[in-house]
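Notes to accompany the following structure.
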Amino acid sequence: MMSFFRSAEALMVQYAHYHRDRRNIATHFVGIPLIFLAIGVLLASPVWPFAGVDMTPAWLMWGITSVWYLTRGHLFLGLATCLVNGALISLAHDMLRAPLPWGMVAWQLGVALFVVGWVLQFIGHYFEGRKPAFVDDIVGLLVGPMFVVGEALMACGLLGRLHRAIERQAGPVR
């Protein structure tokens with residue numbers, strides 16, 4: 001059994017072993033944020049007033065996962081992941097303030113986003129020819145958002161050391 005508290009590098013390398021096909025990575029760039037957004041929608045209530053702000057289970061989940069990302073030993077990647085996830089949780093709350101399409105209620109929107117996100121994930125893994133990482137290690141569910149953020153940063157020429165470690169141990173993207 002793998003440890004929940006491995007370093008960002010170890011987690012990213014392990015996750016990368018399941019994600020070397022460009023099409024799979026591309027589906028994850030949409031699917032993973034949709035899943036995180038869906039969870040934000042589903043956890044956007046109840047609302048508890050706390051120190052002048054509206055606290056929800058979604059913000060609590062973001063806070064707990066942020067602590068985890070920030071303690072994986074790669075501060076820049078952890079901060080970037082927290083910022084992206086925070087933007088998704090904020091968007092989830094904003095979406096629920098607007099009229100929902102087709103007369104939906106919040107839980108229906110959350111479920112729809114969740115299902116679409118997972119369909120994209122499984123399409124990507126069809127291209128990859130490999131099962132999703134979380135099947136072998138449940139921590140992969142937390143690593144997914146960090147991996148997508150890391151891939152975006154690497155595409156911008158950042159995280160060179162981490163990128164080299166991933167390619168050395170998991171191979172290049174094909």
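FYI, nothing fancy with the structure tokens labels: chains A, B, ... in order, residues from 1 per chain, ligands from 1 as they appear.
Residues with any atom within 8 Å of region 38-54 of chain A, counting only C-alpha atoms and excluding same-chain neighbours fewer than 3 positions away, are Leu34, Ile35, Pro57, Ala58, Trp59, Leu88, Ile89, Ala92, His93, Leu96, Ala106, Trp107, Leu109, Gly110, Val111, Ala112, Leu113 and Phe114 of chain A.
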Could you name the residues that touch region 148-157 of chain A at 12 Å or less, counting only C-alpha atoms, but leaving out those on the same chain fewer than 4 positions away, as number ranges by chain?
A: 8-9, 11-13, 15-16, 19-20, 22, 24-33, 36, 69, 74-85, 140-144, 161-167, 173
Any chance you could list, as a list in words, the residues in region 39-140 of chain A that come up strand (DSSP E) when DSSP is run on the backbone?
Trp48, Pro49, Phe50, Val53, Asp54 and Met55 of chain A
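With only C-alpha atoms as the basis for measurement, A:Gln14 is the residue among A:Thr71, A:Gln108, A:Gln14, A:Ser66 that approaches Phe134 (chain A) most closely.
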